[in-house]
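Notes follow the structure.
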Amino acid sequence: MDSHSASSAGASPGLTHAGWQFSPRATWAAPALLVAVGYYLAARIGFAFTLQPYPISTLWPPNALLLAALLLAPTRAWWWLLAAALPAHLLVELQSGVPVVMVLGWYISNCSEALIGAGLVRAFVPWPLRLDSLRNAGIFLFGGALAGPLVSSFLDAALVSLIGWGERGYWDLVGTRIFSNTLAALTVAPLILTLASIEIPRLRAARTVRFAEAAALFAGLAATCLVVFDLPQFSNHTAPALFYAPLPFLVWAALRFGPAGTASAIAVMVVATIFGTVNGLGPFAGSTPQETAREMQLFLSAVAVPMLLLAVVLHDRARVELDAREQRLQLTHLSRVAMLGELSGGIAHELNQPLTAILSNAQAAQHLIANKSADPEILVEILRDIIAADQRAGEVIRRLRTLFKRGETQFQPLDVNELVHEVLGIVHGDLVTRSVEIVPELAATLTRIHGDRVELEQVMLNLVINACDAMAGIAPEQRRLTVRTRKVDVEDGAVQISFSDCGPGFTPDQYAKLFEPFYTTKPRGLGLGLSISRAIIRAHHGRLWGSSTPGKGASFHIVLPAPRGR
Amino acid sequence: MAYVAIVDDEEQVRKALMRLLRASGLDAESYASGKDFLEASALREPDCVLLDLHMPRMTGLQVLRARCRS
């Protein structure tokens, strides 16, 4: 990498899922600029969302933006992020003809809200804050969205009274500030926090249908909000049911699009509602500015909090389920690898045979050529045998590699007889070593079933190894394992695979425990094979069970259903 | 000429070893199972036996034991 591209890569501030990434060469310029521009725009929005003629701000987003910026940044970056907001604050406030002392006073109270909120949250949640658990969301709501605005509102009102700007009383000011700041902290800050935690690669990987669904959701929500909140009111009485009209869309967002989608949906609703209200439209218009603002702010806050919490809880649950699935996959893979380890002796033998054949053939050819008695036809034959043996060794490796691989479950149409052949190929060496004779009774034609090749082979491998282990105590010439595949007549297209050994079998008492995890009768067994096998077959919507005549052997049967929609 | 008997259940291995031994100027014969070998060796005593241990039905060790008994 040349120096130019290295420096440009280092300078990119990168809003990543972990928040701002800080390299040792403090790349502070871009986040600072982002905060300054964002603060300016947020203040303009705040002014636009002011009720006239007696100015009452309904939503004051700059403080919430500062709060989100602090929560995304490490603590040591806080001071210069707040400093970056000062020029934007001066620029936007001095335009409105407010005395400089008051403008500076507001800067202090705005910063204090963000600092109190972020400080409280940081005390309990280490950087970076992610709204992905109920605990984090709760701490954010109490610390950032409630305590910060509450405490700073007293400071704000005190400063206004002290400087003596405006004509409104102290408590009147406190009330106005608390509601507009809380609403902003409840809606703007989660929006920034959740949008910043979106992983761009995952967004890119999302399918078109997801984007279409999101578009439908937001279009429906916007249309509903326009009708409910932005139309002139024909009567003074608004049906309460109208207020619930946007709820289905918010629940939709919570169910399908996580905290980021929900925060965005709430933002759409907040903007539509406030836009209508400040323009004298919708159900909140008509009262005094104070009452109008209060009623609307309470309504929006009451909707935003439960929806946000619902989205977080659902997201958290989905993540827990994903973790559990990942662990199941890992356990299945581990058990498969352990099983292949048991077979390593037989597999080594399986590989050694073609290698011996290749070596002997090559040496024979060497001798023939050295003795000048090499008949070209014999050499051609030798080379053909070498190639065949090499291909056989390659086949052993290919089978093993498939089973060793750790991957997502992949369902595909499968020929059960082919799976049986593959499995018997893998255990062939082991079967020979243990003097187990295989008696295949495979149905001539079978419907293809739908399943994961590796997982089904793992189940069959497990049943074959169990059968061999069960027959270790009987005379070698009696060790026979019958593998049978057949159509299940009563279930249309279903396939049954049975493994029957000639071992001692099991009693009903033993059978009751066979599928329990960690139950084993083998001296070195883990006791996981059958429980994992049953889980795999269940995931295939099939059944796995055993039957036995004690003293005469045991059978294990798998039934796999035919693909649906046939 | 020395006579070597090959006992291996794998045809490819038998064929390759036969080729090698014959190319080396030895007399060699191969058997697919211990049973075949035991029957044949009663008629002609080999000077050397290449005996595969991993064989179905009768393992190499069982062949060896049976051969030593007779």
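Letters A, B, ... go to the chains of the structure tokens in the order shown; residues in each chain start at 1; ligands are counted from 1 in the same order.
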
Chain A contacts on chain B, only C-alpha atoms, 6 Å, as an MDAnalysis selection string: chainID B and resid 13 16:17 19:20 23 54:57

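Within segment 16-69 of chain B, DSSP run on the backbone puts these residues in helix (DSSP H, G or I): Ala16, Leu17, Met18, Arg19, Leu20, Leu21, Arg22, Ala23, Gly34, Lys35, Asp36, Phe37, Leu38, Glu39, Ala40, Ser41, Gly60, Leu61, Gln62, Val63, Leu64, Arg65, Ala66, Arg67, Cys68 and Arg69 of chain B.
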
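Taking only C-alpha atoms, the non-local environment of segment 47-51 of chain B within 6 Å (same-chain residues fewer than 4 positions away omitted) comprises B:Tyr3, B:Val4, B:Ala5, B:Ile6, B:Val7.
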
Just to confirm, what's the straight-line distance from atom CA of Leu340 of chain A to atom CA of Ser500 of chain A in Å (one decimal)? 21.4 Å

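For segment 50-281 of chain A, backbone-based DSSP assignment of strand (DSSP E) covers A:Thr50, A:Leu51, A:Ile56, A:Ser57.
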
Could you turn the residues from that selection into a file that holds C-alpha atoms, as a PDB file, in the first residue's frame?
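File selection-v8.pdb, as written:
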ATOM      1  CA  THR A  50     -42.015  25.807  17.208  1.00  0.00           C
ATOM      2  CA  LEU A  51     -45.618  26.691  17.882  1.00  0.00           C
ATOM      3  CA  ILE A  56     -43.101  27.048  22.319  1.00  0.00           C
ATOM      4  CA  SER A  57     -40.634  24.482  21.024  1.00  0.00           C
TER       5      SER A  57
END

Which distance in Å separates atom CA of Ser109 of chain A and atom CA of Asp156 of chain A, to one decimal? 5.3 Å

Please identify all polymer residues within 9 Å of Glu422 of chain A, counting only C-alpha atoms, omitting same-chain residues fewer than 4 positions from it, and present them as a PyMOL selection string. chain A and resi 399+417-418+426-427+457
